[in-house]
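Asks: Handing you a structure now.
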Amino acid sequence: MTGKQQPLGHRFTLLMGALLVSTLGNGLCFPFTAIYVSELLGLGARAAGGYFVAMAAASFAAALVGGPLADRHGPHRVGVLGGAALAAGYGMLAPADTTSLVLASGACVGVGFGLFYASIVGVVDAAVPESGRRTAFTVRHIVNNVGIGIGSVAAGLALQGAHTPTGTLRWLYLANALAALPLTAAIWYVRPRSTGRPTPVNESPENATYRDLLRARPMALLILAQALFAIVGFTQIEATVPLLMHDDMAVTLGWVSTVVAANSFALVALQPLLARWLERLPETVSLAAGPVLWVVAFGCGLGAALAGEGAAPVLRHGLLLAFAVVFAAGELTYSSAFYPLLLRWSGEAAVGRASALASLAWNLGTATGPPLGLFVVAHSSATGGWTALAAGAGAAFAVAAALHRRAAAVPPTTG
């Protein structure tokens, strides 16, 4: 491949534009839901907790059901249903004033996420040729992060000094509901039209079960890697690292925000710089490179902790910014490799089920990662915290390295 633009095209661009709008809508709301339900609506912590439990349970069930549906009837149909459920769920939360309506909203949003993530891999793959897969999924990862970041900033500005934060949040939830509609329309618009049959590769996709997929050792290791990457990487930069910097290293909130923002900006800046190199790198090697870069990134944080408050600010802050940039590079190596491997090893006929497994592994990781990270921070020093994070990334590398060895020894051929 000689460039980055040729393999993508207008269908993918349209899809990513709609995804940006949708994730921006998510960013408007997701940091505030617990506060909105428990305090501003006056329904208490049990109602807020019930919302997230309902969402998690519904997402789990919908992903399991949505995977086979996507394989049998096409990912675009399932994606449209998921987008519609997200719009309905967030729209329901805007006027909510009772616990039952809050729980119904959580369940509807969970169904939306479960169906969406069981289908989006197939939707994105259908919008680009095989040669553009790695770039496409890297761009998708960047769009997710940028959209949520912009939405969060916009929500913060809207809520700052608001006389009626409850009313403002109701409008933000309504905006989030409306933001899901362009994505729903885009998913349907970019559906393949060359054939009326949604699954062109295998005449009997129902024969490939979840158990069949997990019996293949490379696929099982890939799903395990997904869970570990969420536990030791993505959730730690969102939940643990900010607390580690602020509480254990006396880093100001302004600099905490700067480090988090630097990570998002680095994703955008590094993608065109690394794109050609990532295209040439074998996918299993690229996947394993992610946690290696995270070890280096956490090492930069450790260096800042060892330097201490007495060190020159340019050294300390420079190391924290280096952490953000190197961590972003690891995110890009992951995103360029994980879903192309998932597609290749599942085969097109079972990509919905494989996507559902990946989604469930991700949800498991995002549910367990923050408590584990916060436990480490609460029971260790700054140096101990950064060292533990680096050790966790090392464990993820061990799984990715085992995956690389297994794939090299027995190349999977499904579909």
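Lettering and numbering for the structure tokens are positional, with chains as A, B, ... in the shown order, residues counted from 1 in each chain, and ligands counted from 1 in the shown order.
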Could I get the residues of region 145-172 of chain A with an atom no further than 6 Å from an atom of region 14-29 of chain A, each paired with its nearest atom pair and that distance in Å to one decimal, using only C-alpha atoms, sorted by chain and residue number, as JSON lines?
Replies:
{"residue": "A:Gly147", "atom": "CA", "partner": "A:Leu24", "partner_atom": "CA", "distance": 4.2}
{"residue": "A:Ile148", "atom": "CA", "partner": "A:Gly27", "partner_atom": "CA", "distance": 4.1}
{"residue": "A:Gly151", "atom": "CA", "partner": "A:Gly27", "partner_atom": "CA", "distance": 4.1}
{"residue": "A:Ser152", "atom": "CA", "partner": "A:Gly27", "partner_atom": "CA", "distance": 4.6}
{"residue": "A:Ala155", "atom": "CA", "partner": "A:Leu28", "partner_atom": "CA", "distance": 4.9}
Asks: So that I can see what lies close to Ala407 (chain A), please list as a list in words the residues with an atom at most 9 Å from it, counting only C-alpha atoms and leaving out residues fewer than 6 positions away in the same chain.
Replies: Arg217, Pro218 and Thr284 of chain A
Asks: Would you compute the distance between CA of Ala304 (chain A) and CA of Gly290 (chain A)? Give it in Å to one decimal.
Replies: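 Between these atoms lies a distance of 21.4 Å.
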Asks: Give me every helix (DSSP H, G or I) residue in region 154-296 of chain A, going by DSSP on the backbone, as a count of residues only.
Replies: 115
Asks: Can you pull out the residues contacting region 109-123 of chain A? Cut-off 7 Å, using only C-alpha atoms, and skip same-chain residues under 3 positions away; I want them as a ChimeraX atom specification.
Replies: /A:55-56,58-60,62-63,66-67,70,75-76,78-79,82-83,85-86,89-90,105-106,126-127,187,351-352,355-356,359
Asks: May I have the residues from that selection written out with N, CA and C atoms, as a tab-separated table (two decimals), in the first residue's frame?
Replies:
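Resulting contents of result-v8.tsv:
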chain	number	residue	atom	x	y	z
A	55	MET	N	-28.07	-1.79	32.70
A	55	MET	CA	-27.37	-1.58	31.44
A	55	MET	C	-26.37	-2.72	31.18
A	56	ALA	N	-25.61	-3.11	32.22
A	56	ALA	CA	-24.61	-4.16	32.04
A	56	ALA	C	-25.27	-5.50	31.72
A	58	ALA	N	-28.28	-6.08	30.42
A	58	ALA	CA	-28.91	-6.05	29.11
A	58	ALA	C	-27.87	-6.08	28.00
A	59	SER	N	-26.74	-5.40	28.21
A	59	SER	CA	-25.67	-5.39	27.20
A	59	SER	C	-25.09	-6.79	27.02
A	60	PHE	N	-24.89	-7.49	28.13
A	60	PHE	CA	-24.35	-8.85	28.08
A	60	PHE	C	-25.29	-9.76	27.29
A	62	ALA	N	-27.73	-8.89	25.19
A	62	ALA	CA	-27.92	-8.44	23.80
A	62	ALA	C	-26.72	-8.81	22.94
A	63	ALA	N	-25.52	-8.74	23.50
A	63	ALA	CA	-24.33	-9.11	22.73
A	63	ALA	C	-24.37	-10.59	22.38
A	66	GLY	N	-27.06	-10.85	19.80
A	66	GLY	CA	-26.76	-10.07	18.61
A	66	GLY	C	-25.69	-10.68	17.72
A	67	GLY	N	-24.74	-11.40	18.31
A	67	GLY	CA	-23.69	-12.02	17.50
A	67	GLY	C	-24.25	-12.97	16.46
A	70	ALA	N	-26.28	-11.10	13.82
A	70	ALA	CA	-25.45	-10.40	12.83
A	70	ALA	C	-24.91	-11.37	11.79
A	75	PRO	N	-24.73	-7.73	9.67
A	75	PRO	CA	-24.41	-6.81	10.77
A	75	PRO	C	-25.13	-5.48	10.67
A	76	HIS	N	-25.47	-5.04	9.46
A	76	HIS	CA	-26.10	-3.73	9.31
A	76	HIS	C	-27.50	-3.71	9.93
A	78	VAL	N	-28.51	-5.54	12.47
A	78	VAL	CA	-28.34	-5.54	13.92
A	78	VAL	C	-27.81	-4.19	14.40
A	79	GLY	N	-26.91	-3.58	13.63
A	79	GLY	CA	-26.39	-2.27	14.00
A	79	GLY	C	-27.47	-1.20	14.02
A	82	GLY	N	-29.41	-1.66	17.12
A	82	GLY	CA	-28.64	-1.16	18.26
A	82	GLY	C	-28.66	0.35	18.36
A	83	GLY	N	-28.48	1.04	17.23
A	83	GLY	CA	-28.52	2.49	17.24
A	83	GLY	C	-29.88	3.03	17.66
A	85	ALA	N	-32.04	1.48	19.60
A	85	ALA	CA	-32.20	1.25	21.04
A	85	ALA	C	-31.43	2.27	21.86
A	86	LEU	N	-30.24	2.66	21.40
A	86	LEU	CA	-29.48	3.70	22.11
A	86	LEU	C	-30.25	5.03	22.11
A	89	GLY	N	-33.15	4.70	24.50
A	89	GLY	CA	-32.74	4.64	25.90
A	89	GLY	C	-32.33	6.00	26.45
A	90	TYR	N	-31.49	6.70	25.71
A	90	TYR	CA	-31.08	8.02	26.17
A	90	TYR	C	-32.24	9.02	26.13
A	105	SER	N	-34.61	2.77	31.05
A	105	SER	CA	-33.64	3.45	30.21
A	105	SER	C	-32.31	2.71	30.20
A	106	GLY	N	-31.85	2.29	31.39
A	106	GLY	CA	-30.59	1.55	31.47
A	106	GLY	C	-30.64	0.26	30.67
A	126	ALA	N	-17.21	-4.07	6.13
A	126	ALA	CA	-17.92	-4.03	4.86
A	126	ALA	C	-17.75	-2.71	4.14
A	127	ALA	N	-17.33	-1.67	4.86
A	127	ALA	CA	-17.18	-0.35	4.25
A	127	ALA	C	-15.82	-0.13	3.61
A	187	ILE	N	-25.19	3.55	9.12
A	187	ILE	CA	-25.00	2.10	9.08
A	187	ILE	C	-25.88	1.47	8.00
A	351	VAL	N	-18.24	-13.51	12.19
A	351	VAL	CA	-17.67	-12.29	12.75
A	351	VAL	C	-18.60	-11.68	13.80
A	352	GLY	N	-19.90	-11.86	13.67
A	352	GLY	CA	-20.81	-11.33	14.67
A	352	GLY	C	-20.60	-11.99	16.02
A	355	SER	N	-17.27	-10.82	17.38
A	355	SER	CA	-17.38	-9.45	17.88
A	355	SER	C	-18.08	-9.42	19.23
A	356	ALA	N	-19.10	-10.27	19.39
A	356	ALA	CA	-19.79	-10.34	20.67
A	356	ALA	C	-18.84	-10.83	21.76
A	359	SER	N	-16.60	-8.02	22.66
A	359	SER	CA	-17.32	-7.03	23.45
A	359	SER	C	-17.48	-7.48	24.90
Asks: Mind dumping a table of every region 326-373 of chain A residue within 8 Å of region 249-271 of chain A, with the nearest atom pair and its distance in Å to one decimal, using only C-alpha atoms, sorted by chain and rising number, as JSON lines?
Replies:
{"residue": "A:Phe327", "atom": "CA", "partner": "A:Asn263", "partner_atom": "CA", "distance": 7.3}
{"residue": "A:Ala328", "atom": "CA", "partner": "A:Leu267", "partner_atom": "CA", "distance": 5.4}
{"residue": "A:Ala329", "atom": "CA", "partner": "A:Leu270", "partner_atom": "CA", "distance": 6.9}
{"residue": "A:Glu331", "atom": "CA", "partner": "A:Leu267", "partner_atom": "CA", "distance": 7.9}
{"residue": "A:Leu332", "atom": "CA", "partner": "A:Gln271", "partner_atom": "CA", "distance": 7.1}
Asks: Between CA of Val102 (chain A) and CA of Leu81 (chain A), what is the spacing in Å?
Replies: 20.6 Å
Asks: Rounded to one decimal, what separation in Å do you get between CA of Val326 (chain A) and CA of Phe234 (chain A)?
Replies: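 Between CA of Val326 (chain A) and CA of Phe234 (chain A) the gap is 13.2 Å.
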Asks: Determine the nearest neighbour of Leu41 (chain A) from the options A:Thr333, A:Thr98, A:Asn144, A:Gln236, counting only C-alpha atoms.
Replies: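 That would be A:Thr98, the residue with the smallest distance to Leu41 (chain A).
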Asks: Can you tell me which residues surround region 384-395 of chain A at a distance of at most 6 Å, considering only C-alpha atoms, apart from same-chain residues fewer than 3 positions away, and format the answer as an MDAnalysis selection string?
Replies: chainID A and resid 232 291 295 298 302 377 380:381 398
Asks: Counting only C-alpha atoms, which residue out of A:Gly301, A:Gly369, A:Gly233, A:Pro282 sits closest to Met245 (chain A)?
Replies: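 The closest residue to Met245 (chain A) is A:Gly301.
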